[in-house]
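Peer 1: One file: run.csv (CSV, C-alpha atoms and all ligand atoms).
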chain,number,residue,atom,x,y,z
A,684,MET,CA,98.4,98.1,179.8
A,685,ASN,CA,95.6,96.6,182.0
A,686,HIS,CA,91.9,97.2,182.8
A,687,GLN,CA,92.8,100.0,185.3
A,688,ASP,CA,94.3,102.0,182.5
A,689,LEU,CA,91.0,101.7,180.6
A,690,ILE,CA,89.1,103.0,183.6
A,691,GLN,CA,91.5,105.8,184.3
A,692,ALA,CA,91.3,107.0,180.8
A,693,CYS,CA,87.6,107.8,181.3
A,694,GLN,CA,87.6,108.3,185.1
A,695,HIS,CA,85.0,111.1,184.9
A,696,ASP,CA,82.5,109.0,182.8
A,697,TRP,CA,83.3,106.0,185.0
A,698,ASN,CA,82.3,107.9,188.2
A,699,ASP,CA,79.1,109.1,186.5
A,700,TYR,CA,78.3,105.4,185.7
A,701,THR,CA,79.1,103.8,189.0
A,702,GLU,CA,77.7,106.6,191.2
A,703,HIS,CA,74.6,107.4,189.1
A,704,SER,CA,71.6,108.8,190.8
A,705,PHE,CA,69.6,105.7,189.6
A,706,VAL,CA,72.0,103.5,191.7
A,707,GLN,CA,71.9,105.8,194.7
A,708,GLN,CA,68.0,105.9,194.7
A,709,LEU,CA,67.9,102.1,194.2
A,710,ALA,CA,70.2,101.6,197.3
A,711,LEU,CA,67.9,103.7,199.5
A,712,GLY,CA,64.8,101.9,198.1
A,713,GLU,CA,63.6,105.3,196.9
A,714,LEU,CA,63.7,104.7,193.2
A,715,ALA,CA,60.3,105.0,191.5
A,716,HIS,CA,58.8,101.6,190.6
A,717,SER,CA,58.1,102.8,187.1
A,718,SER,CA,61.8,103.6,186.6
A,719,PHE,CA,63.0,100.2,187.9
A,720,LEU,CA,60.5,98.3,185.9
A,721,HIS,CA,61.4,100.1,182.7
A,722,TYR,CA,65.1,99.5,183.4
A,723,LEU,CA,64.5,95.8,184.2
A,724,LYS,CA,62.6,95.1,181.0
A,725,GLN,CA,65.2,97.0,178.9
A,726,ASP,CA,68.0,95.2,180.7
A,727,PHE,CA,66.5,91.9,179.8
A,728,LEU,CA,66.6,92.9,176.2
A,729,PHE,CA,70.1,94.3,176.7
A,730,LEU,CA,71.3,91.0,178.2
A,731,LYS,CA,70.0,89.0,175.2
A,732,GLN,CA,72.1,91.1,172.8
A,733,TYR,CA,75.0,91.2,175.2
A,734,THR,CA,75.0,87.4,175.3
A,735,ARG,CA,75.2,87.3,171.5
A,736,ALA,CA,78.3,89.6,171.8
A,737,TYR,CA,79.9,87.1,174.2
A,738,ALA,CA,79.1,84.3,171.6
A,739,LEU,CA,80.8,86.5,169.0
A,740,ALA,CA,83.9,86.5,171.2
A,741,ILE,CA,84.0,82.7,170.7
A,742,TYR,CA,83.7,83.2,167.0
A,743,LYS,CA,86.4,85.9,167.0
A,744,ALA,CA,88.8,83.9,169.2
A,745,ARG,CA,92.2,83.2,167.8
A,746,SER,CA,93.0,80.1,169.9
A,747,LEU,CA,91.2,77.4,171.9
A,748,ALA,CA,92.3,79.1,175.1
A,749,GLU,CA,90.5,82.3,173.9
A,750,MET,CA,87.4,80.3,173.0
A,751,ARG,CA,87.2,78.9,176.5
A,752,MET,CA,87.5,82.4,178.0
A,753,ALA,CA,84.1,83.4,176.8
A,754,LEU,CA,82.1,80.3,177.6
A,755,PRO,CA,81.6,80.9,181.4
A,756,SER,CA,80.2,84.3,180.6
A,757,VAL,CA,77.7,83.0,178.0
A,758,GLN,CA,76.6,80.4,180.5
A,759,ALA,CA,76.3,82.8,183.5
A,760,LEU,CA,74.3,85.2,181.3
A,761,LEU,CA,71.9,82.6,180.0
A,762,GLU,CA,71.5,80.5,183.1
A,763,SER,CA,71.9,82.9,185.9
A,764,GLU,CA,71.6,86.6,185.2
A,765,ILE,CA,68.8,86.5,182.5
A,766,ALA,CA,67.0,83.9,184.6
A,767,HIS,CA,67.2,86.3,187.6
A,768,HIS,CA,65.6,89.1,185.5
A,769,VAL,CA,62.8,86.8,184.4
A,770,ASN,CA,62.1,85.8,188.0
A,771,TYR,CA,62.3,89.3,189.1
A,772,CYS,CA,59.8,90.5,186.4
A,773,GLY,CA,57.6,87.5,187.3
A,774,GLU,CA,57.3,88.9,190.9
A,775,TRP,CA,56.1,92.2,189.3
A,776,GLY,CA,53.6,90.4,187.2
A,777,ILE,CA,55.4,90.3,183.8
A,778,SER,CA,56.1,87.1,181.9
A,779,GLU,CA,59.2,86.2,179.8
A,780,ILE,CA,57.0,86.3,176.7
A,781,GLU,CA,55.8,89.8,177.5
A,782,MET,CA,59.4,90.8,178.2
A,783,GLU,CA,60.6,89.5,174.8
A,784,ALA,CA,57.8,91.3,173.1
A,785,GLU,CA,58.7,94.7,174.7
A,786,PRO,CA,60.1,97.1,172.1
A,787,GLU,CA,63.8,98.0,172.6
A,788,ALA,CA,64.3,101.6,173.8
A,789,VAL,CA,66.8,103.7,171.7
A,790,GLY,CA,69.5,103.6,174.5
A,791,THR,CA,69.2,99.8,174.5
A,792,VAL,CA,69.6,99.6,170.7
A,793,ALA,CA,72.5,102.1,170.7
A,794,TYR,CA,74.5,100.3,173.4
A,795,THR,CA,74.0,96.7,172.3
A,796,ARG,CA,74.6,97.4,168.6
A,797,PHE,CA,77.7,99.5,169.5
A,798,VAL,CA,79.1,96.5,171.3
A,799,LEU,CA,78.2,94.0,168.5
A,800,ASP,CA,79.5,96.3,165.7
A,801,THR,CA,82.8,96.9,167.6
A,802,GLY,CA,83.2,93.1,167.7
A,803,MET,CA,82.1,92.5,164.1
A,804,SER,CA,84.4,95.2,162.6
A,805,GLY,CA,87.3,94.9,165.1
A,806,ASP,CA,89.2,92.0,166.6
A,807,VAL,CA,88.6,90.0,169.8
A,808,ILE,CA,90.4,92.6,172.0
A,809,ASP,CA,88.3,95.5,170.6
A,810,LEU,CA,85.2,93.4,171.5
A,811,TYR,CA,86.4,92.7,175.0
A,812,ALA,CA,87.1,96.4,175.5
A,813,ALA,CA,83.5,97.1,174.6
A,814,LEU,CA,82.1,94.3,176.8
A,815,ALA,CA,84.2,95.2,179.9
A,816,PRO,CA,82.4,98.3,181.3
A,817,CYS,CA,79.3,96.2,181.8
A,818,SER,CA,80.7,93.5,183.9
A,819,ILE,CA,83.4,95.5,185.8
A,820,GLY,CA,81.0,98.4,186.5
A,821,TYR,CA,78.2,96.2,187.9
A,822,ALA,CA,80.7,94.4,190.1
A,823,VAL,CA,82.0,97.7,191.4
A,824,ILE,CA,78.4,99.0,192.0
A,825,GLY,CA,77.4,95.7,193.7
A,826,ALA,CA,80.4,95.8,196.0
A,827,GLN,CA,80.0,99.5,196.8
A,828,LEU,CA,76.3,99.3,197.6
A,829,SER,CA,76.7,96.2,199.8
A,830,ALA,CA,79.5,97.9,201.8
A,831,ALA,CA,77.8,101.3,202.2
A,832,LYS,CA,76.1,101.9,205.6
A,833,SER,CA,73.4,103.9,203.9
A,834,THR,CA,72.2,101.0,201.7
A,835,LYS,CA,68.8,99.6,202.9
A,836,PHE,CA,68.4,95.8,202.8
A,837,VAL,CA,65.1,95.7,204.8
A,838,ASN,CA,62.0,97.1,203.2
A,839,ASN,CA,63.8,97.8,200.0
A,840,PRO,CA,62.1,96.3,197.0
A,841,TYR,CA,65.4,96.3,195.1
A,842,ALA,CA,67.5,94.4,197.7
A,843,ASN,CA,67.5,91.3,195.5
A,844,TRP,CA,69.1,93.2,192.7
A,845,ILE,CA,71.9,94.5,195.0
A,846,ASN,CA,72.4,91.0,196.5
A,847,MET,CA,72.7,89.5,193.0
A,848,TYR,CA,75.5,91.9,191.8
A,849,ALA,CA,77.2,91.9,195.2
A,850,GLY,CA,77.0,88.1,195.5
A,851,GLU,CA,79.9,85.7,195.2
A,852,GLU,CA,78.8,84.2,191.9
A,853,PHE,CA,78.8,87.5,190.0
A,854,GLN,CA,81.8,88.9,191.8
A,855,LEU,CA,84.0,85.8,191.1
A,856,GLY,CA,82.8,85.6,187.5
A,857,VAL,CA,83.9,89.2,186.9
A,858,GLU,CA,87.2,88.7,188.7
A,859,LYS,CA,87.9,85.9,186.2
A,860,SER,CA,86.9,88.1,183.3
A,861,ILE,CA,89.2,90.9,184.5
A,862,LYS,CA,92.1,88.4,184.6
A,863,ASN,CA,91.4,87.3,181.0
A,864,LEU,CA,91.1,91.0,179.9
A,865,ASP,CA,94.4,91.9,181.6
A,866,THR,CA,96.1,88.9,179.8
A,867,LEU,CA,94.8,90.2,176.5
A,868,LEU,CA,96.0,93.7,177.2
A,869,GLU,CA,99.4,92.7,178.6
A,870,ASP,CA,101.5,93.3,175.5
A,871,ILE,CA,99.7,96.5,174.4
A,872,GLU,CA,101.3,99.9,175.2
A,873,LEU,CA,98.8,102.3,176.7
A,874,SER,CA,100.2,105.3,174.7
A,875,SER,CA,100.2,103.3,171.4
A,876,GLN,CA,97.5,103.9,168.7
A,877,ARG,CA,96.1,100.5,169.6
A,878,GLY,CA,96.0,101.3,173.3
A,879,GLN,CA,94.3,104.6,172.7
A,880,ARG,CA,91.7,103.0,170.4
A,881,LEU,CA,90.9,100.5,173.2
A,882,CYS,CA,90.5,103.4,175.7
A,883,GLN,CA,88.1,105.0,173.2
A,884,ILE,CA,86.0,101.9,172.9
A,885,PHE,CA,85.8,101.4,176.7
A,886,LYS,CA,84.9,105.1,177.2
A,887,THR,CA,82.1,104.9,174.6
A,888,ALA,CA,80.6,101.8,176.3
A,889,THR,CA,80.9,103.5,179.7
A,890,ARG,CA,79.0,106.6,178.3
A,891,MET,CA,76.3,104.1,177.1
A,892,GLU,CA,76.0,102.7,180.6
A,893,VAL,CA,75.4,106.3,182.0
A,894,ALA,CA,72.7,106.7,179.3
A,895,PHE,CA,71.2,103.4,180.2
A,896,TRP,CA,70.6,104.4,183.9
A,897,GLN,CA,69.3,107.8,182.7
A,898,GLN,CA,66.8,106.0,180.4
A,899,GLY,CA,65.4,104.3,183.5
A,900,LEU,CA,65.3,107.5,185.6
A,901,ASP,CA,63.5,109.4,182.8
A,902,GLN,CA,60.6,107.0,183.2
A,903,THR,CA,60.0,108.2,186.8
A,904,LYS,CA,56.2,108.7,187.4
A,905,ASN,CA,54.9,109.7,190.7
A,1001,LIG,C1,73.2,97.8,181.0
A,1001,LIG,C2,73.8,96.7,181.8
A,1001,LIG,N1,75.1,96.8,182.1
A,1001,LIG,C3,75.7,95.9,182.8
A,1001,LIG,C4,75.0,94.8,183.3
A,1001,LIG,C5,75.7,93.8,184.1
A,1001,LIG,O1,75.6,92.5,183.6
A,1001,LIG,C6,73.7,94.7,183.0
A,1001,LIG,N2,72.9,93.7,183.5
A,1001,LIG,N3,73.1,95.7,182.3
A,1002,LIG,C1,77.1,87.2,184.2
A,1002,LIG,C2,77.7,88.3,183.5
A,1002,LIG,N1,77.0,89.4,183.3
A,1002,LIG,C3,77.6,90.4,182.6
A,1002,LIG,S1,79.2,89.9,182.2
A,1002,LIG,C4,79.0,88.4,182.9
A,1002,LIG,C5,80.0,87.3,182.9
A,1002,LIG,C6,81.1,87.7,183.9
A,1002,LIG,O1,81.9,88.5,183.3
What is this structure when it is put down as structure tokens?
Peer 2:
Amino acid sequence: MNHQDLIQACQHDWNDYTEHSFVQQLALGELAHSSFLHYLKQDFLFLKQYTRAYALAIYKARSLAEMRMALPSVQALLESEIAHHVNYCGEWGISEIEMEAEPEAVGTVAYTRFVLDTGMSGDVIDLYAALAPCSIGYAVIGAQLSAAKSTKFVNNPYANWINMYAGEEFQLGVEKSIKNLDTLLEDIELSSQRGQRLCQIFKTATRMEVAFWQQGLDQTKN
């Protein structure tokens, strides 16, 4: 099996995730500031836990080659993506210290602890199945938004966000992660118990992504 099988096994949830109303409104620059700000602060907290999960992938690795697989992601998260969120929040008048002091929303706790628990109680492939919707989904969303004629890049306060996920650094990083995931999945039969379990994990994380967007939208104040 490969990563496409994981997506196809939850195609409906996958579409809800990658075409969510939060994303559509963001592309048009019509998303409420209150929604985006809540999302951005929660996503910062999400990324801290998510980086711990990538570090767990090094701990759970069975070989040096597998240990090396996770390192670029840890680095990209700490030095690039989280830094981007901190800068972004800075522009909106919020400091890193304030962001770290923000309480985690229930959807943030649920998603990150699901990923960490899957990795703690399972093996390294279970962990990668739980990590995968995050990186693959945002790469799909970034590419879709940057290709769509309807996306606004001028007078859109969220243009930076789109450019980051559509940008080469993120896209190439995810391409590499997908190659690694496909290597790990190569010898697993989709219809086997193991294959079905991985589909289940991937689907749960995808549903958590839908809830994460919704958590932002629910903060809409006019
Ligand atoms: C919730 C969530 N999923 C995926 C990404 C992509 O890294 C992110 N920043 N946040
Ligand atoms: C930077 C980054 N963000 C989520 S995953 C990842 C590493 C590439 O998969």
Peer 1: For atom CA of A:Ala793 and atom CA of A:Arg877, determine how far apart the two atoms are, in Å to one decimal place.
Peer 2: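 Computing the Euclidean distance for atom CA of A:Ala793 and atom CA of A:Arg877 yields 23.7 Å.
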Peer 1: Give as an NGL selection string the residues surrounding ligand LIG 1002 (chain A) up to a distance of 12 Å, considering all atoms listed in the file.
Peer 2: :A and (726-727 or 729-738 or 752-768 or 811 or 813-822 or 847-864)
Peer 1: For A:Asn685, list every protein, DNA or RNA residue within 12 Å, evaluated using all atoms listed in the file, and leave out those in the same chain fewer than 6 positions away; present the list as a PDB file with C-alpha atoms, in the coordinates of the input.
Peer 2:
ATOM      1  CA  GLN A 691      91.500 105.800 184.300  1.00  0.00           C
ATOM      2  CA  ALA A 692      91.300 107.000 180.800  1.00  0.00           C
ATOM      3  CA  ILE A 808      90.400  92.600 172.000  1.00  0.00           C
ATOM      4  CA  ALA A 812      87.100  96.400 175.500  1.00  0.00           C
ATOM      5  CA  ALA A 815      84.200  95.200 179.900  1.00  0.00           C
ATOM      6  CA  ILE A 861      89.200  90.900 184.500  1.00  0.00           C
ATOM      7  CA  LYS A 862      92.100  88.400 184.600  1.00  0.00           C
ATOM      8  CA  ASN A 863      91.400  87.300 181.000  1.00  0.00           C
ATOM      9  CA  LEU A 864      91.100  91.000 179.900  1.00  0.00           C
ATOM     10  CA  ASP A 865      94.400  91.900 181.600  1.00  0.00           C
ATOM     11  CA  THR A 866      96.100  88.900 179.800  1.00  0.00           C
ATOM     12  CA  LEU A 867      94.800  90.200 176.500  1.00  0.00           C
ATOM     13  CA  LEU A 868      96.000  93.700 177.200  1.00  0.00           C
ATOM     14  CA  GLU A 869      99.400  92.700 178.600  1.00  0.00           C
ATOM     15  CA  ASP A 870     101.500  93.300 175.500  1.00  0.00           C
ATOM     16  CA  ILE A 871      99.700  96.500 174.400  1.00  0.00           C
ATOM     17  CA  GLU A 872     101.300  99.900 175.200  1.00  0.00           C
ATOM     18  CA  LEU A 873      98.800 102.300 176.700  1.00  0.00           C
ATOM     19  CA  GLY A 878      96.000 101.300 173.300  1.00  0.00           C
ATOM     20  CA  LEU A 881      90.900 100.500 173.200  1.00  0.00           C
ATOM     21  CA  CYS A 882      90.500 103.400 175.700  1.00  0.00           C
TER      22      CYS A 882
END
Peer 1: Identify which of the residues A:Lys724, A:Lys886, A:His686, A:Arg880 lies closest to ligand LIG 1001 (chain A), counting only C-alpha atoms and all ligand atoms when measuring atom-to-atom distances.
Peer 2: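 Closest candidate: A:Lys724.
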Peer 1: I'd like to know which of A:Leu714, A:Val769, A:Val706, A:Leu739 is closest to A:Val807, using all atoms listed in the file.
Peer 2: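 So, comparing all the options, the nearest one is A:Leu739.
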Peer 1: Go through A:Leu723, A:Ala830, A:Ile741, A:Met750 one by one, measure the shortest atom-to-atom distance of each to ligand LIG 1001 (chain A) using only C-alpha atoms and all ligand atoms, and give the residue with the smallest value.
Peer 2: A:Leu723
Peer 1: Find, counting all atoms listed in the file, the residue in A:Glu785, A:Ile884, A:Thr701, A:Gln879 that gets nearest to ligand LIG 1001 (chain A).
Peer 2: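 Looking only at the distances to ligand LIG 1001 (chain A), the closest residue turns out to be A:Thr701.
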Peer 1: Is it possible to get the residues within 10 Å of (74.1, 103.6, 189.6) (coordinates as in the file, counting only C-alpha atoms) written as a list in words?
Peer 2: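 Counting only C-alpha atoms, I find these residues within 10 Å of (74.1, 103.6, 189.6): Asn698, Asp699, Tyr700, Thr701, Glu702, His703, Ser704, Phe705, Val706, Gln707, Gln708, Leu709, Ala710, Gly820, Tyr821, Ile824, Gly825, Leu828, Glu892, Val893, Phe895, Trp896 and Gln897 of chain A.
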Peer 1: Please produce a file of those selected residues containing C-alpha atoms, as a tab-separated table (two decimals), keeping the file's coordinate frame.
Peer 2:
chain	number	residue	atom	x	y	z
A	698	ASN	CA	82.30	107.90	188.20
A	699	ASP	CA	79.10	109.10	186.50
A	700	TYR	CA	78.30	105.40	185.70
A	701	THR	CA	79.10	103.80	189.00
A	702	GLU	CA	77.70	106.60	191.20
A	703	HIS	CA	74.60	107.40	189.10
A	704	SER	CA	71.60	108.80	190.80
A	705	PHE	CA	69.60	105.70	189.60
A	706	VAL	CA	72.00	103.50	191.70
A	707	GLN	CA	71.90	105.80	194.70
A	708	GLN	CA	68.00	105.90	194.70
A	709	LEU	CA	67.90	102.10	194.20
A	710	ALA	CA	70.20	101.60	197.30
A	820	GLY	CA	81.00	98.40	186.50
A	821	TYR	CA	78.20	96.20	187.90
A	824	ILE	CA	78.40	99.00	192.00
A	825	GLY	CA	77.40	95.70	193.70
A	828	LEU	CA	76.30	99.30	197.60
A	892	GLU	CA	76.00	102.70	180.60
A	893	VAL	CA	75.40	106.30	182.00
A	895	PHE	CA	71.20	103.40	180.20
A	896	TRP	CA	70.60	104.40	183.90
A	897	GLN	CA	69.30	107.80	182.70
Peer 1: Please indicate the distance in Å from atom CA of A:Gly899 to atom CA of A:Ser718, rounded to one decimal place.
Peer 2: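 Separation between atom CA of A:Gly899 and atom CA of A:Ser718: 4.8 Å.
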Peer 1: Have a look at A:Ser746, A:Gly773, A:Gly790, A:Ser875 and name the one nearest to A:Leu720; count all atoms listed in the file.
Peer 2: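 Under the stated criterion, the closest residue is A:Gly773.
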Peer 1: Calculated over all atoms listed in the file, which of the candidates A:Trp697, A:Trp775, A:Tyr742, A:Tyr794 has the smallest distance to ligand LIG 1001 (chain A)?
Peer 2: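 The shortest atom-to-atom distance to ligand LIG 1001 (chain A) comes from A:Tyr794.
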Peer 1: Applying 7 Å and all atoms listed in the file, which residues near A:Gln902 remain after dropping the ones on its own chain fewer than 4 positions away? List them as a VMD selection string.
Peer 2: chain A and resid 717 to 718 721 898
Peer 1: Report, in Å with one decimal, the straight-line distance from atom CA of A:Val789 to atom O1 of ligand LIG 1001 (chain A).
Peer 2: 18.6 Å
